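Next comes entry32.cif, a file with mmCIF, C-alpha atoms.
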```
data_coords
loop_
_atom_site.group_PDB
_atom_site.id
_atom_site.type_symbol
_atom_site.label_atom_id
_atom_site.label_comp_id
_atom_site.auth_asym_id
_atom_site.auth_seq_id
_atom_site.Cartn_x
_atom_site.Cartn_y
_atom_site.Cartn_z
ATOM 1 C CA MET R 138 48.912 -0.874 -66.133
ATOM 2 C CA LEU R 139 50.937 -1.003 -69.314
ATOM 3 C CA PHE R 140 50.613 -3.322 -72.273
ATOM 4 C CA ARG R 141 53.213 -3.855 -74.938
ATOM 5 C CA SER R 142 52.724 -5.584 -78.260
ATOM 6 C CA VAL R 143 55.871 -6.843 -80.018
ATOM 7 C CA ASP R 144 55.981 -8.140 -83.578
ATOM 8 C CA ILE R 145 58.997 -9.568 -85.418
ATOM 9 C CA ASP R 146 59.414 -7.593 -88.636
ATOM 10 C CA HIS R 147 59.107 -9.482 -91.941
ATOM 11 C CA PHE R 148 58.808 -12.825 -90.154
ATOM 12 C CA LYS R 149 56.995 -14.441 -93.095
ATOM 13 C CA ARG R 150 60.114 -13.780 -95.158
ATOM 14 C CA VAL R 151 62.181 -15.605 -92.543
ATOM 15 C CA ASN R 152 60.017 -18.711 -92.751
ATOM 16 C CA ASP R 153 59.829 -18.541 -96.555
ATOM 17 C CA LYS R 154 63.564 -18.014 -97.059
ATOM 18 C CA PHE R 155 65.130 -19.981 -94.195
ATOM 19 C CA GLY R 156 62.402 -22.440 -93.170
ATOM 20 C CA HIS R 157 60.193 -22.886 -90.123
ATOM 21 C CA GLN R 158 62.930 -24.478 -88.003
ATOM 22 C CA THR R 159 65.042 -21.352 -88.377
ATOM 23 C CA GLY R 160 61.939 -19.278 -87.653
ATOM 24 C CA ASP R 161 61.484 -21.224 -84.415
ATOM 25 C CA VAL R 162 65.092 -20.470 -83.423
ATOM 26 C CA ILE R 163 64.438 -16.773 -83.980
ATOM 27 C CA LEU R 164 61.197 -16.887 -81.977
ATOM 28 C CA ARG R 165 62.963 -18.523 -79.036
ATOM 29 C CA ARG R 166 65.852 -16.022 -79.076
ATOM 30 C CA VAL R 167 63.522 -13.024 -79.285
ATOM 31 C CA ALA R 168 61.430 -14.431 -76.420
ATOM 32 C CA GLN R 169 64.595 -14.906 -74.347
ATOM 33 C CA GLU R 170 65.605 -11.301 -75.006
ATOM 34 C CA LEU R 171 62.136 -10.034 -74.052
ATOM 35 C CA GLY R 172 62.192 -12.129 -70.895
ATOM 36 C CA LYS R 173 65.430 -10.524 -69.674
ATOM 37 C CA VAL R 174 63.616 -7.346 -68.614
ATOM 38 C CA LEU R 175 60.663 -8.930 -66.845
ATOM 39 C CA ARG R 176 59.920 -8.465 -63.179
ATOM 40 C CA SER R 177 58.124 -11.162 -61.203
ATOM 41 C CA SER R 178 54.816 -9.298 -61.655
ATOM 42 C CA ASP R 179 55.142 -9.005 -65.469
ATOM 43 C CA VAL R 180 53.689 -11.408 -68.016
ATOM 44 C CA LEU R 181 55.157 -12.391 -71.407
ATOM 45 C CA ALA R 182 53.100 -14.444 -73.845
ATOM 46 C CA ARG R 183 53.306 -15.400 -77.490
ATOM 47 C CA TYR R 184 50.289 -14.145 -79.376
ATOM 48 C CA GLY R 185 49.823 -15.419 -82.894
ATOM 49 C CA GLY R 186 52.678 -16.438 -85.145
ATOM 50 C CA GLU R 187 55.408 -13.901 -84.474
ATOM 51 C CA GLU R 188 53.775 -11.537 -82.040
ATOM 52 C CA PHE R 189 54.375 -11.307 -78.314
ATOM 53 C CA VAL R 190 52.494 -9.393 -75.659
ATOM 54 C CA LEU R 191 53.821 -8.114 -72.368
ATOM 55 C CA LEU R 192 51.650 -7.017 -69.484
ATOM 56 C CA LEU R 193 53.557 -4.674 -67.198
ATOM 57 C CA PRO R 194 51.520 -3.708 -64.131
ATOM 58 C CA GLU R 195 52.593 -0.632 -62.178
ATOM 59 C CA MET R 196 55.233 0.521 -64.672
ATOM 60 C CA SER R 197 55.334 4.123 -65.790
ATOM 61 C CA LEU R 198 55.075 4.883 -69.481
ATOM 62 C CA PRO R 199 58.442 6.720 -69.680
ATOM 63 C CA VAL R 200 60.228 3.725 -68.126
ATOM 64 C CA ALA R 201 58.389 1.342 -70.458
ATOM 65 C CA VAL R 202 59.381 3.396 -73.511
ATOM 66 C CA GLU R 203 63.016 3.367 -72.385
ATOM 67 C CA ILE R 204 62.922 -0.412 -71.898
ATOM 68 C CA ALA R 205 61.137 -0.926 -75.233
ATOM 69 C CA GLU R 206 63.792 1.077 -77.076
ATOM 70 C CA ARG R 207 66.546 -0.903 -75.377
ATOM 71 C CA LEU R 208 64.836 -4.185 -76.290
ATOM 72 C CA ARG R 209 64.408 -3.058 -79.889
ATOM 73 C CA GLU R 210 68.099 -2.233 -80.079
ATOM 74 C CA ASP R 211 69.218 -5.441 -78.329
ATOM 75 C CA ILE R 212 67.100 -7.647 -80.577
ATOM 76 C CA SER R 213 68.491 -5.974 -83.704
ATOM 77 C CA THR R 214 72.013 -6.965 -82.609
ATOM 78 C CA ILE R 215 71.310 -10.644 -81.864
ATOM 79 C CA GLU R 216 73.830 -12.834 -83.643
ATOM 80 C CA PHE R 217 72.385 -16.223 -84.410
ATOM 81 C CA GLY R 218 75.619 -17.895 -85.436
ATOM 82 C CA GLU R 219 74.046 -19.867 -88.246
ATOM 83 C CA GLU R 220 75.740 -19.258 -91.594
ATOM 84 C CA ILE R 221 72.361 -19.132 -93.328
ATOM 85 C CA LEU R 222 71.363 -16.070 -91.286
ATOM 86 C CA ALA R 223 74.656 -14.229 -91.769
ATOM 87 C CA ASP R 224 73.089 -11.465 -93.903
ATOM 88 C CA PHE R 225 69.765 -11.239 -92.070
ATOM 89 C CA GLN R 226 69.038 -8.791 -89.269
ATOM 90 C CA VAL R 227 66.106 -9.550 -86.988
ATOM 91 C CA THR R 228 64.177 -6.452 -85.937
ATOM 92 C CA VAL R 229 60.960 -5.862 -84.024
ATOM 93 C CA SER R 230 58.239 -3.250 -83.943
ATOM 94 C CA LEU R 231 56.641 -2.414 -80.608
ATOM 95 C CA GLY R 232 53.333 -0.797 -79.684
ATOM 96 C CA LEU R 233 52.788 0.515 -76.169
ATOM 97 C CA ALA R 234 49.580 1.472 -74.420
ATOM 98 C CA SER R 235 48.846 2.447 -70.851
ATOM 99 C CA LEU R 236 45.660 2.289 -68.864
ATOM 100 C CA LEU R 237 45.147 4.866 -66.172
ATOM 101 C CA PRO R 238 42.993 3.731 -63.228
ATOM 102 C CA GLU R 239 40.623 6.695 -63.534
ATOM 103 C CA GLU R 240 39.853 6.182 -67.217
ATOM 104 C CA ASN R 241 36.354 5.116 -68.199
ATOM 105 C CA HIS R 242 35.953 2.903 -71.272
ATOM 106 C CA GLU R 243 32.940 1.747 -73.253
ATOM 107 C CA VAL R 244 34.637 -1.623 -73.764
ATOM 108 C CA SER R 245 36.433 -3.641 -71.101
ATOM 109 C CA PRO R 246 39.693 -2.055 -69.969
ATOM 110 C CA GLY R 247 41.656 -5.123 -71.098
ATOM 111 C CA GLN R 248 40.101 -5.051 -74.560
ATOM 112 C CA TRP R 249 40.684 -1.307 -74.878
ATOM 113 C CA LEU R 250 44.303 -1.666 -73.768
ATOM 114 C CA PHE R 251 44.934 -4.451 -76.270
ATOM 115 C CA GLN R 252 43.335 -2.434 -79.111
ATOM 116 C CA GLN R 253 45.430 0.629 -78.300
ATOM 117 C CA ALA R 254 48.704 -1.336 -78.176
ATOM 118 C CA ASP R 255 47.768 -3.054 -81.427
ATOM 119 C CA ASN R 256 47.038 0.329 -83.072
ATOM 120 C CA ALA R 257 50.412 1.631 -81.905
ATOM 121 C CA LEU R 258 52.082 -1.511 -83.275
ATOM 122 C CA TYR R 259 50.309 -0.960 -86.606
ATOM 123 C CA GLN R 260 51.685 2.611 -86.668
ATOM 124 C CA ALA R 261 55.200 1.321 -85.983
ATOM 125 C CA LYS R 262 54.895 -1.212 -88.811
ATOM 126 C CA HIS R 263 53.566 1.336 -91.281
ATOM 127 C CA GLY R 264 56.054 3.961 -90.124
ATOM 128 C CA GLY R 265 58.982 1.870 -91.315
ATOM 129 C CA ARG R 266 59.282 -0.974 -88.778
ATOM 130 C CA ASN R 267 62.030 -1.444 -86.178
ATOM 131 C CA GLN R 268 60.567 1.240 -83.942
ATOM 132 C CA VAL R 269 58.485 1.897 -80.832
ATOM 133 C CA ARG R 270 55.159 3.746 -80.954
ATOM 134 C CA VAL R 271 53.010 4.786 -78.013
ATOM 135 C CA ALA R 272 49.213 4.974 -78.088
ATOM 136 C CA ALA R 273 47.611 8.015 -76.490
ATOM 137 C CA ASN R 274 45.513 7.230 -73.441
ATOM 138 C CA ARG R 275 41.813 8.075 -73.426
ATOM 139 C CA SER R 276 42.179 11.301 -71.461
ATOM 140 C CA SER R 277 44.856 12.703 -73.814
ATOM 141 C CA GLN R 278 42.742 11.694 -76.829
ATOM 142 C CA ALA R 279 39.758 13.573 -75.401
ATOM 143 C CA SER R 280 41.767 16.716 -74.733
ATOM 144 C CA ALA R 281 43.264 16.591 -78.261
ATOM 145 C CA GLY R 282 39.836 16.375 -79.908
#
```

What would the structure in this file look like if it were written as structure tokens?
Amino acid sequence: MLFRSVDIDHFKRVNDKFGHQTGDVILRRVAQELGKVLRSSDVLARYGGEEFVLLLPEMSLPVAVEIAERLREDISTIEFGEEILADFQVTVSLGLASLLPEENHEVSPGQWLFQQADNALYQAKHGGRNQVRVAANRSSQASAG
């Protein structure tokens, strides 16, 4: 199972500079772009103000990273057509985490998966935004420590 957390970079600036109606247009367009890659078994949901989560069962991590990078690129090239947004580029940061069936967690697997994707998203944000970061799974963390 794979979990992806997606956050629109500097979204507060969008609402402050262009207004909430423009922010809503951006949210809808980003959601449409994210939805283009979904299979029937995948789930896309808005989480919080400008954050989305994707649950991608039975997808390998390398494929998910490839898709995440393509989404990041595609979103950065969205043209909104409104004159007010002419000089503004919308970008996203993505955090990915995978849950292997054999892993044992002290917290629920869903909670652990969410925390790991959120940590990876935090790394992407603090690493300069507009990038994809992958959280290590529990077994690779144990072997690294």

### Residue members of the PyMOL selection byres ((chain R and resi 170-182) around 8) in the file shown, as a VMD selection string
chain R and resid 166 to 169 183 to 184 189 to 194 204 208 211 to 212

### Spatial neighbours of Leu139 in chain R, 10 Å, only C-alpha atoms, chain gap at least 2 places, as a PyMOL selection string
chain R and resi 141+179+191-198+201+233-237+250-251+254

Mind dumping the selected residues with C-alpha atoms as a short mmCIF file (atom, residue, chain, number, x, y, z; two decimals), keeping the file's coordinate frame?
```cif
data_model
loop_
_atom_site.label_atom_id
_atom_site.label_comp_id
_atom_site.auth_asym_id
_atom_site.auth_seq_id
_atom_site.Cartn_x
_atom_site.Cartn_y
_atom_site.Cartn_z
CA ARG R 141 53.21 -3.86 -74.94
CA ASP R 179 55.14 -9.01 -65.47
CA LEU R 191 53.82 -8.11 -72.37
CA LEU R 192 51.65 -7.02 -69.48
CA LEU R 193 53.56 -4.67 -67.20
CA PRO R 194 51.52 -3.71 -64.13
CA GLU R 195 52.59 -0.63 -62.18
CA MET R 196 55.23 0.52 -64.67
CA SER R 197 55.33 4.12 -65.79
CA LEU R 198 55.08 4.88 -69.48
CA ALA R 201 58.39 1.34 -70.46
CA LEU R 233 52.79 0.52 -76.17
CA ALA R 234 49.58 1.47 -74.42
CA SER R 235 48.85 2.45 -70.85
CA LEU R 236 45.66 2.29 -68.86
CA LEU R 237 45.15 4.87 -66.17
CA LEU R 250 44.30 -1.67 -73.77
CA PHE R 251 44.93 -4.45 -76.27
CA ALA R 254 48.70 -1.34 -78.18
#
```

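Minimum distance to Asn152 in chain R across R:Glu187, R:Gln268, R:Thr214, R:Leu231 (counting all atoms listed in the file) occurs at R:Glu187.
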
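Between CA of Arg266 in chain R and CA of Ser230 in chain R there is a distance of 5.4 Å.
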
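Picked by the PyMOL selection byres ((chain R and resi 256) around 10) from the coordinates shown: Ser142, Gly232, Leu233, Ala234, Leu250, Phe251, Gln252, Gln253, Ala254, Asp255, Ala257, Leu258, Tyr259, Gln260, Ala261, Lys262, Arg270, Val271 and Ala272 of chain R.
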
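If you look at CA of Gly160 in chain R and CA of Asn267 in chain R, they are 17.9 Å away from each other.
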
### Task
Rounded to one decimal place, report the CA of Val269 in chain R-CA of Gly186 in chain R distance in Å.
19.7 Å

### Query
Taking the file as shown, what set of residues would the PyMOL selection byres ((chain R and resi 147) around 10) give back, as an MDAnalysis selection string?
chainID R and resid 144:146 148:152 187 227:229 262 266
